[in-house]
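Student: This is the content of entry14.csv (CSV, C-alpha atoms):
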```
chain,number,residue,atom,x,y,z
A,298,MET,CA,-52.7,14.3,0.7
A,299,LYS,CA,-51.8,10.7,0.3
A,300,VAL,CA,-53.2,7.8,2.3
A,301,LEU,CA,-50.6,5.1,3.2
A,302,PRO,CA,-51.5,1.4,3.3
A,303,SER,CA,-51.3,1.6,7.1
A,304,GLY,CA,-54.1,4.2,7.1
A,305,ARG,CA,-51.9,7.1,8.1
A,306,LYS,CA,-52.2,10.3,6.1
A,307,LEU,CA,-49.1,11.8,4.5
A,308,HIS,CA,-49.2,15.6,4.1
A,309,HIS,CA,-47.0,17.2,1.5
A,310,GLY,CA,-45.8,20.7,2.2
A,311,PRO,CA,-46.0,23.5,-0.4
A,312,LYS,CA,-43.9,22.9,-3.5
A,313,ARG,CA,-40.8,25.0,-3.7
A,314,PRO,CA,-40.3,26.8,-7.0
A,315,ARG,CA,-37.5,25.4,-9.0
A,316,GLN,CA,-34.4,27.6,-8.9
A,317,LYS,CA,-33.4,29.0,-12.3
A,318,ASP,CA,-29.8,29.2,-13.5
A,319,GLN,CA,-28.1,32.2,-12.1
A,320,PRO,CA,-25.6,34.3,-14.0
A,321,LEU,CA,-22.0,33.3,-13.3
A,322,ASP,CA,-19.0,35.6,-13.2
A,323,GLY,CA,-15.3,35.3,-13.8
A,324,LEU,CA,-14.2,31.9,-15.0
A,325,CYS,CA,-17.8,30.6,-15.1
A,326,SER,CA,-18.7,32.3,-18.4
A,327,GLY,CA,-19.1,31.2,-22.0
A,328,PRO,CA,-18.2,27.5,-22.5
A,329,LEU,CA,-17.7,26.9,-18.7
A,330,LEU,CA,-21.2,28.3,-17.9
A,331,ALA,CA,-22.7,26.1,-20.6
A,332,ALA,CA,-20.9,23.0,-19.2
A,333,ALA,CA,-22.0,23.9,-15.7
A,334,ARG,CA,-25.6,24.3,-16.8
A,335,THR,CA,-25.5,21.0,-18.7
A,336,ALA,CA,-24.2,19.3,-15.5
A,337,ALA,CA,-26.9,20.9,-13.5
A,338,ARG,CA,-29.6,19.7,-15.9
A,339,ASN,CA,-28.1,16.2,-15.8
A,340,LEU,CA,-28.0,16.1,-12.0
A,341,SER,CA,-31.4,17.8,-11.4
A,342,SER,CA,-33.3,14.8,-12.4
A,343,PRO,CA,-31.5,11.5,-11.5
A,344,SER,CA,-33.3,8.5,-10.3
A,345,GLY,CA,-34.6,9.6,-6.9
A,346,ARG,CA,-37.5,12.0,-6.1
A,347,ASN,CA,-35.6,14.1,-3.5
A,348,SER,CA,-32.8,15.3,-5.9
A,349,ILE,CA,-32.3,19.1,-6.3
A,350,ALA,CA,-29.7,20.9,-8.3
A,351,SER,CA,-28.9,24.6,-8.3
A,352,MET,CA,-25.9,26.8,-8.9
A,353,ASP,CA,-24.4,29.7,-6.9
A,354,SER,CA,-21.7,31.8,-8.4
A,355,PHE,CA,-18.8,33.8,-6.9
A,356,GLU,CA,-15.5,35.2,-8.1
A,357,GLY,CA,-13.8,32.7,-10.4
A,358,ALA,CA,-15.9,29.7,-9.6
A,359,CYS,CA,-19.4,28.3,-9.4
A,360,CYS,CA,-21.0,25.9,-6.9
A,361,LEU,CA,-23.4,23.2,-8.1
A,362,ARG,CA,-25.7,22.3,-5.2
A,363,VAL,CA,-26.8,18.7,-5.4
A,364,ARG,CA,-29.0,16.9,-2.9
A,365,SER,CA,-29.7,13.3,-3.7
A,366,VAL,CA,-29.4,9.7,-2.6
A,367,SER,CA,-29.1,10.1,1.2
A,368,SER,CA,-31.7,12.0,3.2
A,369,ARG,CA,-29.6,11.2,6.3
A,370,TRP,CA,-26.7,13.1,4.8
A,371,VAL,CA,-28.9,16.1,3.9
A,372,GLY,CA,-30.4,16.1,7.4
A,373,MET,CA,-27.0,15.9,9.1
A,374,VAL,CA,-25.4,18.7,7.2
A,375,ASN,CA,-28.4,21.0,7.5
A,376,ASN,CA,-28.5,20.6,11.3
A,377,PRO,CA,-27.8,24.0,12.8
A,378,LYS,CA,-25.7,22.4,15.5
A,379,GLN,CA,-23.4,20.7,12.9
A,380,GLN,CA,-20.7,23.4,12.7
A,381,ASP,CA,-17.8,21.2,11.5
A,382,VAL,CA,-19.1,20.4,8.0
A,383,PRO,CA,-17.1,22.5,5.5
A,384,ALA,CA,-18.6,24.4,2.6
A,385,PHE,CA,-17.4,22.0,-0.1
A,386,TYR,CA,-16.1,18.5,-0.4
A,387,SER,CA,-12.8,17.4,-1.7
A,388,PRO,CA,-12.5,16.2,-5.3
A,389,LEU,CA,-9.5,14.0,-4.3
A,390,THR,CA,-9.4,10.3,-3.7
A,391,HIS,CA,-8.1,8.7,-0.5
A,392,THR,CA,-4.8,7.9,-2.4
A,393,GLN,CA,-4.5,11.5,-3.6
A,394,HIS,CA,-5.1,12.8,-0.1
A,395,ALA,CA,-2.2,10.6,1.1
A,396,GLN,CA,0.0,12.0,-1.7
A,397,LEU,CA,-0.8,15.5,-0.8
A,398,GLY,CA,0.1,14.8,2.8
A,399,ARG,CA,3.5,13.3,1.8
A,400,ILE,CA,4.1,16.4,-0.3
A,401,ALA,CA,3.5,18.6,2.7
A,402,VAL,CA,6.0,16.6,4.8
A,403,LEU,CA,8.6,16.8,2.0
A,404,TRP,CA,8.1,20.6,1.6
A,405,GLY,CA,8.9,20.9,5.3
A,406,GLN,CA,12.2,19.3,4.6
A,407,VAL,CA,12.9,21.6,1.7
A,408,GLU,CA,12.2,24.7,3.8
A,409,MET,CA,14.5,23.4,6.5
A,410,PHE,CA,17.3,23.1,3.9
A,411,VAL,CA,16.6,26.6,2.7
A,412,GLU,CA,16.9,28.1,6.2
A,413,ASN,CA,20.1,26.2,6.9
A,414,LEU,CA,21.6,27.2,3.5
A,415,LEU,CA,20.8,30.9,4.2
A,416,THR,CA,22.8,30.6,7.5
A,417,ALA,CA,25.7,28.8,5.8
A,418,VAL,CA,25.9,30.7,2.5
A,419,LEU,CA,25.5,34.2,4.1
A,420,GLY,CA,27.8,33.3,7.0
A,421,ILE,CA,25.4,34.5,9.7
A,422,GLU,CA,24.1,33.2,13.0
A,423,PRO,CA,20.7,31.4,13.1
A,424,LEU,CA,19.3,34.2,15.3
A,425,LEU,CA,20.2,36.9,12.8
A,426,ARG,CA,18.8,34.8,9.9
A,427,ALA,CA,15.5,34.4,11.8
A,428,ARG,CA,15.3,38.2,12.3
A,429,LEU,CA,16.1,38.9,8.6
A,430,PHE,CA,14.1,36.2,6.9
A,431,ASN,CA,11.3,34.8,9.1
A,432,ASP,CA,8.7,37.2,7.6
A,433,LYS,CA,10.0,36.6,4.0
A,434,PRO,CA,8.2,34.3,1.6
A,435,ILE,CA,10.0,31.3,0.2
A,436,GLY,CA,10.5,33.1,-3.2
A,437,ALA,CA,12.5,35.9,-1.6
A,438,LYS,CA,14.7,33.4,0.3
A,439,LEU,CA,15.5,31.6,-2.8
A,440,ASP,CA,16.3,34.8,-4.6
A,441,THR,CA,18.7,35.8,-1.8
A,442,LEU,CA,20.4,32.5,-2.0
A,443,SER,CA,20.8,32.7,-5.8
A,444,SER,CA,22.4,36.2,-5.4
A,445,PHE,CA,24.9,35.1,-2.8
A,446,ALA,CA,25.7,31.8,-4.5
A,447,LYS,CA,27.3,33.8,-7.4
A,448,ASP,CA,30.0,35.0,-5.1
A,449,MET,CA,30.9,31.7,-3.4
A,450,GLN,CA,34.6,30.8,-3.7
A,451,ASN,CA,34.0,27.1,-3.3
A,452,ALA,CA,33.0,26.1,-6.8
A,453,PRO,CA,31.7,22.6,-6.1
A,454,ALA,CA,29.6,23.9,-3.2
A,455,ALA,CA,28.3,26.8,-5.4
A,456,GLN,CA,27.3,24.3,-8.1
A,457,ALA,CA,25.5,22.1,-5.5
A,458,VAL,CA,23.6,25.2,-4.1
A,459,ARG,CA,22.6,26.3,-7.6
A,460,THR,CA,21.4,22.8,-8.6
A,461,PHE,CA,19.2,22.8,-5.5
A,462,LEU,CA,17.9,26.4,-6.2
A,463,THR,CA,17.1,25.6,-9.8
A,464,LEU,CA,14.8,22.7,-8.9
A,465,ALA,CA,13.3,24.7,-6.0
A,466,GLN,CA,12.3,27.5,-8.3
A,467,GLU,CA,10.7,25.0,-10.7
A,468,VAL,CA,8.5,23.3,-8.2
A,469,LYS,CA,7.6,26.4,-6.2
A,470,LEU,CA,4.5,27.3,-8.3
A,471,ASP,CA,3.1,23.8,-8.2
A,472,ARG,CA,3.6,23.7,-4.4
A,473,ASN,CA,1.8,27.0,-4.0
A,474,GLN,CA,-1.1,25.8,-6.1
A,475,CYS,CA,-1.4,22.6,-4.0
A,476,PHE,CA,-1.3,24.3,-0.6
A,477,HIS,CA,-2.7,27.8,-1.3
A,478,GLY,CA,-5.1,27.0,-4.1
A,479,VAL,CA,-8.7,25.7,-3.8
A,480,TRP,CA,-9.3,22.1,-4.8
A,481,GLY,CA,-12.3,21.5,-6.9
A,482,PHE,CA,-13.7,20.1,-10.1
A,483,ARG,CA,-12.0,21.8,-13.0
A,484,VAL,CA,-14.2,22.2,-16.2
A,485,ARG,CA,-12.3,21.8,-19.5
A,486,SER,CA,-14.9,22.7,-22.1
A,487,LYS,CA,-12.7,22.2,-25.2
A,488,GLN,CA,-11.8,18.7,-24.1
A,489,GLN,CA,-15.2,18.1,-22.7
A,490,GLN,CA,-13.6,16.9,-19.4
A,491,ILE,CA,-14.0,17.6,-15.7
A,492,GLU,CA,-11.0,16.7,-13.5
A,493,ALA,CA,-9.8,17.3,-10.0
A,494,ALA,CA,-7.5,20.3,-9.8
A,495,ALA,CA,-6.3,23.1,-7.5
A,496,MET,CA,-6.8,26.8,-8.6
A,497,HIS,CA,-5.0,29.7,-7.0
A,498,GLN,CA,-6.7,33.1,-7.3
A,499,ARG,CA,-3.4,34.7,-8.4
A,500,SER,CA,-3.1,32.4,-11.4
A,501,PRO,CA,-6.5,30.9,-12.1
A,502,GLU,CA,-5.6,30.1,-15.7
A,503,LYS,CA,-2.9,27.7,-14.5
A,504,PRO,CA,-4.5,25.1,-12.3
A,505,PHE,CA,-2.6,22.2,-10.8
A,506,ARG,CA,-4.2,18.8,-11.8
A,507,ALA,CA,-4.5,16.0,-9.3
A,508,ASP,CA,-2.8,13.5,-11.7
A,509,ASN,CA,0.4,15.6,-11.3
A,510,LEU,CA,0.6,14.8,-7.6
A,511,PRO,CA,2.9,11.8,-8.1
A,512,ARG,CA,5.3,13.8,-10.2
A,513,LEU,CA,5.5,16.6,-7.7
A,514,GLU,CA,6.2,14.2,-4.9
A,515,ARG,CA,9.0,12.6,-6.9
A,516,ARG,CA,10.6,16.0,-7.6
A,517,LEU,CA,10.4,17.0,-4.0
A,518,CYS,CA,12.1,13.8,-3.0
A,519,GLN,CA,14.9,14.8,-5.5
A,520,LEU,CA,14.9,18.3,-4.0
A,521,SER,CA,15.3,17.1,-0.5
A,522,HIS,CA,18.2,15.0,-1.6
A,523,LEU,CA,19.8,18.0,-3.3
A,524,GLY,CA,19.4,20.1,-0.2
A,525,MET,CA,21.3,17.4,1.8
A,526,LEU,CA,24.1,17.4,-0.8
A,527,ALA,CA,24.3,21.2,-0.8
A,528,LEU,CA,24.7,21.3,3.0
A,529,GLU,CA,27.2,18.5,2.8
A,530,SER,CA,29.3,20.4,0.2
A,531,LEU,CA,29.5,23.3,2.7
A,532,GLY,CA,30.6,21.1,5.6
A,533,GLU,CA,27.4,21.7,7.5
A,534,MET,CA,26.0,18.1,7.3
A,535,ASP,CA,27.3,14.6,6.9
A,536,ARG,CA,26.1,12.9,3.7
A,537,LEU,CA,23.3,10.4,4.4
A,538,ASN,CA,23.1,7.1,2.4
A,539,GLY,CA,19.4,6.8,2.2
A,540,ALA,CA,16.6,8.1,4.4
A,541,TYR,CA,16.9,8.3,8.1
A,542,PRO,CA,14.7,9.5,11.0
A,543,LEU,CA,14.9,13.2,11.8
A,544,PHE,CA,14.8,14.1,15.5
A,545,HIS,CA,14.3,17.7,16.7
A,546,GLY,CA,13.4,19.4,19.9
A,547,ASP,CA,15.1,19.1,23.3
A,548,PRO,CA,18.4,17.2,23.2
A,549,PRO,CA,17.8,14.0,25.2
A,550,THR,CA,20.1,12.9,28.1
A,551,GLU,CA,22.5,10.1,27.2
A,552,GLU,CA,20.9,7.7,29.6
A,553,TRP,CA,17.3,8.4,28.5
A,554,SER,CA,18.4,8.2,24.9
A,555,ARG,CA,19.9,4.7,25.4
A,556,GLU,CA,16.8,3.5,27.1
A,557,TRP,CA,14.5,4.8,24.4
A,558,ARG,CA,16.6,3.4,21.6
A,559,ALA,CA,16.6,0.0,23.3
A,560,GLN,CA,12.8,0.0,23.4
A,561,HIS,CA,12.0,1.4,20.0
A,562,TYR,CA,13.0,0.7,16.4
A,563,ALA,CA,12.6,4.1,14.9
A,564,ASP,CA,16.2,4.3,13.8
A,565,ARG,CA,16.4,0.6,12.7
A,566,GLN,CA,13.3,-0.1,10.7
A,567,ILE,CA,13.1,-0.5,7.0
A,568,PRO,CA,10.4,1.6,5.2
A,569,SER,CA,6.9,0.4,4.6
A,570,ASP,CA,6.4,-2.3,1.9
A,571,THR,CA,4.4,0.2,-0.1
A,572,TRP,CA,7.5,2.5,-0.5
A,573,LYS,CA,9.2,2.8,-3.8
A,574,PRO,CA,11.7,5.4,-5.2
A,575,GLY,CA,10.1,8.8,-5.8
A,576,ARG,CA,7.9,8.5,-2.7
A,577,LEU,CA,8.5,9.8,0.8
A,578,PRO,CA,9.6,6.8,2.9
A,579,PHE,CA,7.7,6.1,6.1
A,580,LEU,CA,7.7,3.5,8.8
A,581,GLU,CA,4.8,1.1,9.6
A,582,HIS,CA,5.2,1.8,13.3
A,583,PRO,CA,7.2,5.0,13.7
A,584,LEU,CA,6.9,5.2,17.5
A,585,GLY,CA,6.0,1.6,18.3
A,586,SER,CA,7.9,-0.5,20.8
A,587,GLN,CA,9.8,-3.7,20.1
A,588,SER,CA,6.8,-5.8,20.9
A,589,GLU,CA,4.9,-4.3,18.0
A,590,HIS,CA,7.5,-5.3,15.4
A,591,ARG,CA,8.3,-8.5,13.7
A,592,PRO,CA,12.0,-9.5,13.7
A,593,GLY,CA,12.1,-9.0,9.9
A,594,ASP,CA,11.2,-5.3,10.3
A,595,GLN,CA,14.7,-4.5,11.7
A,596,ARG,CA,17.3,-2.8,9.5
A,597,HIS,CA,20.4,-4.9,9.5
```
Could you write out this file's structure as structure tokens?

Tutor:
Amino acid sequence: MKVLPSGRKLHHGPKRPRQKDQPLDGLCSGPLLAAARTAARNLSSPSGRNSIASMDSFEGACCLRVRSVSSRWVGMVNNPKQQDVPAFYSPLTHTQHAQLGRIAVLWGQVEMFVENLLTAVLGIEPLLRARLFNDKPIGAKLDTLSSFAKDMQNAPAAQAVRTFLTLAQEVKLDRNQCFHGVWGFRVRSKQQQIEAAAMHQRSPEKPFRADNLPRLERRLCQLSHLGMLALESLGEMDRLNGAYPLFHGDPPTEEWSREWRAQHYADRQIPSDTWKPGRLPFLEHPLGSQSEHRPGDQRH
């Protein structure tokens, strides 16, 4: 019991036994286990009396439990009513989260080109394509396109399709790691490094490192451009000189379309000042009205 200067008595609860290191399975063995234990020891006694570190293990990974610095955070996440706090936090920075979001948008463009190329190369209707391929993974769709591209009579178009497919196959694994893998802190014992990376359970030995996000974004920009060229070579799309807004959904009436275009700049803006080649272009005010734009924002 401790008496505070105010005269109040502070009662300490019973001391909890310190949790010992637990055996870790899968990837958390050998050097990785040693590195994790070292990290646990370093984090278990920082400056701050309320710090606790322990480890849990599960297939292919380990969880280092650290409670320090903010009692408010600990109280908030331990609140039984707080159901929207995930199990782990992200190892990515704000900039890397933005990169990952742009990659997701670019991959949507790539999948759209794959679907349209299936329709054009196979010479089938969109409804039949949907029935045949909607349940197929992207790898199966790319393999089908590769097989049919060999029999194309239009040599320039066949080459454009093959160029698109080659790069699509190359980036497919990295994309799968980014979106289907788990992002965490990757331990590299030989290099004595810990870095942000995504690990897929199907290929845990080949993680995707966060510092490769800019390269993946740049390659997907190239892939989207190649998809446009492939469809253009098949007569299915007019070539675009630069990036343009993509509209989908219900076709607007002519009168309503004219009114909307008169009030918005979505098809006349230049990309954000932060844009540079190799990045997904975006607009500062994609759905804003004229009053929200400066005169210099218009595309002339």

Student: I need the residue nearest Cys475 of chain A from this list: A:Arg536, A:His545, A:His497, A:Arg558. Use all atoms listed in the file for the distance.

Tutor: A:His497

Student: Just the number, please: distance in Å from atom CA of Ala401 of chain A to atom CA of Leu520 of chain A, one decimal.

Tutor: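 Taking atom CA of Ala401 of chain A as the start and atom CA of Leu520 of chain A as the end point, the length is 13.2 Å.
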
Student: Determine the nearest neighbour of Leu415 of chain A from the options A:Thr571, A:Thr463, A:Asn473, A:Asn431, counting only C-alpha atoms.

Tutor: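 Ranked by minimum distance to Leu415 of chain A, first place goes to A:Asn431.
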
Student: Taking only C-alpha atoms into account, which of A:Val479, A:Leu464, A:Pro388, A:Leu531 comes nearest Leu419 of chain A?

Tutor: A:Leu531

Student: Which one of A:Gly532, A:Pro574, A:Pro568, A:Gly478 sits closest to Arg516 of chain A if you count all atoms listed in the file?

Tutor: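 Nearest candidate to Arg516 of chain A out of A:Gly532, A:Pro574, A:Pro568, A:Gly478: A:Pro574.
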
Student: Assuming the input is short of atoms at segment 405-416 of chain A, produce all heavy atoms for that part as a PDB file, keeping the file's coordinate frame.

Tutor:
```
ATOM      1  N   GLY A 405       8.298  20.538   4.023  1.00  0.00           N
ATOM      2  CA  GLY A 405       8.900  20.900   5.300  1.00  0.00           C
ATOM      3  C   GLY A 405      10.391  20.679   5.308  1.00  0.00           C
ATOM      4  O   GLY A 405      11.170  21.489   5.828  1.00  0.00           O
ATOM      5  N   GLN A 406      10.817  19.545   4.742  1.00  0.00           N
ATOM      6  CA  GLN A 406      12.200  19.300   4.600  1.00  0.00           C
ATOM      7  C   GLN A 406      12.932  20.305   3.749  1.00  0.00           C
ATOM      8  O   GLN A 406      14.034  20.787   4.067  1.00  0.00           O
ATOM      9  CB  GLN A 406      12.468  17.861   4.063  1.00  0.00           C
ATOM     10  CG  GLN A 406      11.932  16.745   4.936  1.00  0.00           C
ATOM     11  CD  GLN A 406      12.167  15.370   4.328  1.00  0.00           C
ATOM     12  OE1 GLN A 406      13.010  15.206   3.448  1.00  0.00           O
ATOM     13  NE2 GLN A 406      11.414  14.382   4.792  1.00  0.00           N
ATOM     14  N   VAL A 407      12.292  20.656   2.638  1.00  0.00           N
ATOM     15  CA  VAL A 407      12.900  21.600   1.700  1.00  0.00           C
ATOM     16  C   VAL A 407      13.061  22.984   2.403  1.00  0.00           C
ATOM     17  O   VAL A 407      14.113  23.623   2.292  1.00  0.00           O
ATOM     18  CB  VAL A 407      11.991  21.777   0.455  1.00  0.00           C
ATOM     19  CG1 VAL A 407      12.453  22.949  -0.402  1.00  0.00           C
ATOM     20  CG2 VAL A 407      11.999  20.481  -0.353  1.00  0.00           C
ATOM     21  N   GLU A 408      12.057  23.432   3.133  1.00  0.00           N
ATOM     22  CA  GLU A 408      12.200  24.700   3.800  1.00  0.00           C
ATOM     23  C   GLU A 408      13.257  24.692   4.892  1.00  0.00           C
ATOM     24  O   GLU A 408      13.937  25.697   5.110  1.00  0.00           O
ATOM     25  CB  GLU A 408      10.814  25.108   4.428  1.00  0.00           C
ATOM     26  CG  GLU A 408       9.761  25.466   3.396  1.00  0.00           C
ATOM     27  CD  GLU A 408       8.780  26.513   3.898  1.00  0.00           C
ATOM     28  OE1 GLU A 408       8.880  26.905   5.079  1.00  0.00           O
ATOM     29  OE2 GLU A 408       7.925  26.948   3.103  1.00  0.00           O
ATOM     30  N   MET A 409      13.427  23.546   5.547  1.00  0.00           N
ATOM     31  CA  MET A 409      14.500  23.400   6.500  1.00  0.00           C
ATOM     32  C   MET A 409      15.859  23.604   5.837  1.00  0.00           C
ATOM     33  O   MET A 409      16.743  24.301   6.349  1.00  0.00           O
ATOM     34  CB  MET A 409      14.439  22.076   7.221  1.00  0.00           C
ATOM     35  CG  MET A 409      15.523  21.875   8.277  1.00  0.00           C
ATOM     36  SD  MET A 409      15.655  20.155   8.852  1.00  0.00           S
ATOM     37  CE  MET A 409      16.358  19.381   7.382  1.00  0.00           C
ATOM     38  N   PHE A 410      16.032  22.985   4.666  1.00  0.00           N
ATOM     39  CA  PHE A 410      17.300  23.100   3.900  1.00  0.00           C
ATOM     40  C   PHE A 410      17.510  24.568   3.486  1.00  0.00           C
ATOM     41  O   PHE A 410      18.635  25.081   3.507  1.00  0.00           O
ATOM     42  CB  PHE A 410      17.331  22.175   2.741  1.00  0.00           C
ATOM     43  CG  PHE A 410      17.583  20.748   3.112  1.00  0.00           C
ATOM     44  CD1 PHE A 410      16.708  19.748   2.722  1.00  0.00           C
ATOM     45  CD2 PHE A 410      18.695  20.391   3.862  1.00  0.00           C
ATOM     46  CE1 PHE A 410      16.938  18.430   3.061  1.00  0.00           C
ATOM     47  CE2 PHE A 410      18.932  19.071   4.216  1.00  0.00           C
ATOM     48  CZ  PHE A 410      18.050  18.079   3.814  1.00  0.00           C
ATOM     49  N   VAL A 411      16.443  25.241   3.064  1.00  0.00           N
ATOM     50  CA  VAL A 411      16.600  26.600   2.700  1.00  0.00           C
ATOM     51  C   VAL A 411      17.063  27.491   3.823  1.00  0.00           C
ATOM     52  O   VAL A 411      17.976  28.324   3.672  1.00  0.00           O
ATOM     53  CB  VAL A 411      15.225  27.177   2.115  1.00  0.00           C
ATOM     54  CG1 VAL A 411      15.280  28.696   1.925  1.00  0.00           C
ATOM     55  CG2 VAL A 411      14.875  26.502   0.791  1.00  0.00           C
ATOM     56  N   GLU A 412      16.480  27.296   5.013  1.00  0.00           N
ATOM     57  CA  GLU A 412      16.900  28.100   6.200  1.00  0.00           C
ATOM     58  C   GLU A 412      18.350  27.801   6.540  1.00  0.00           C
ATOM     59  O   GLU A 412      19.126  28.727   6.840  1.00  0.00           O
ATOM     60  CB  GLU A 412      15.987  27.744   7.375  1.00  0.00           C
ATOM     61  CG  GLU A 412      14.504  28.051   7.165  1.00  0.00           C
ATOM     62  CD  GLU A 412      14.227  29.532   7.017  1.00  0.00           C
ATOM     63  OE1 GLU A 412      15.052  30.353   7.456  1.00  0.00           O
ATOM     64  OE2 GLU A 412      13.161  29.869   6.466  1.00  0.00           O
ATOM     65  N   ASN A 413      18.748  26.539   6.522  1.00  0.00           N
ATOM     66  CA  ASN A 413      20.100  26.200   6.900  1.00  0.00           C
ATOM     67  C   ASN A 413      21.114  26.691   5.807  1.00  0.00           C
ATOM     68  O   ASN A 413      22.239  27.084   6.138  1.00  0.00           O
ATOM     69  CB  ASN A 413      20.255  24.684   7.056  1.00  0.00           C
ATOM     70  CG  ASN A 413      19.701  24.210   8.386  1.00  0.00           C
ATOM     71  OD1 ASN A 413      20.406  24.182   9.388  1.00  0.00           O
ATOM     72  ND2 ASN A 413      18.438  23.843   8.408  1.00  0.00           N
ATOM     73  N   LEU A 414      20.710  26.680   4.549  1.00  0.00           N
ATOM     74  CA  LEU A 414      21.600  27.200   3.500  1.00  0.00           C
ATOM     75  C   LEU A 414      21.747  28.719   3.621  1.00  0.00           C
ATOM     76  O   LEU A 414      22.829  29.260   3.346  1.00  0.00           O
ATOM     77  CB  LEU A 414      21.040  26.833   2.114  1.00  0.00           C
ATOM     78  CG  LEU A 414      21.244  25.374   1.700  1.00  0.00           C
ATOM     79  CD1 LEU A 414      20.478  25.069   0.418  1.00  0.00           C
ATOM     80  CD2 LEU A 414      22.734  25.066   1.511  1.00  0.00           C
ATOM     81  N   LEU A 415      20.702  29.416   4.019  1.00  0.00           N
ATOM     82  CA  LEU A 415      20.800  30.900   4.200  1.00  0.00           C
ATOM     83  C   LEU A 415      21.868  31.147   5.315  1.00  0.00           C
ATOM     84  O   LEU A 415      22.704  32.038   5.173  1.00  0.00           O
ATOM     85  CB  LEU A 415      19.469  31.451   4.643  1.00  0.00           C
ATOM     86  CG  LEU A 415      18.450  31.686   3.532  1.00  0.00           C
ATOM     87  CD1 LEU A 415      17.086  32.026   4.130  1.00  0.00           C
ATOM     88  CD2 LEU A 415      18.913  32.806   2.606  1.00  0.00           C
ATOM     89  N   THR A 416      21.825  30.379   6.381  1.00  0.00           N
ATOM     90  CA  THR A 416      22.800  30.600   7.500  1.00  0.00           C
ATOM     91  C   THR A 416      24.222  30.290   6.971  1.00  0.00           C
ATOM     92  O   THR A 416      25.140  31.069   7.239  1.00  0.00           O
ATOM     93  CB  THR A 416      22.475  29.615   8.625  1.00  0.00           C
ATOM     94  OG1 THR A 416      21.154  29.902   9.104  1.00  0.00           O
ATOM     95  CG2 THR A 416      23.458  29.810   9.768  1.00  0.00           C
TER      96      THR A 416
END
```
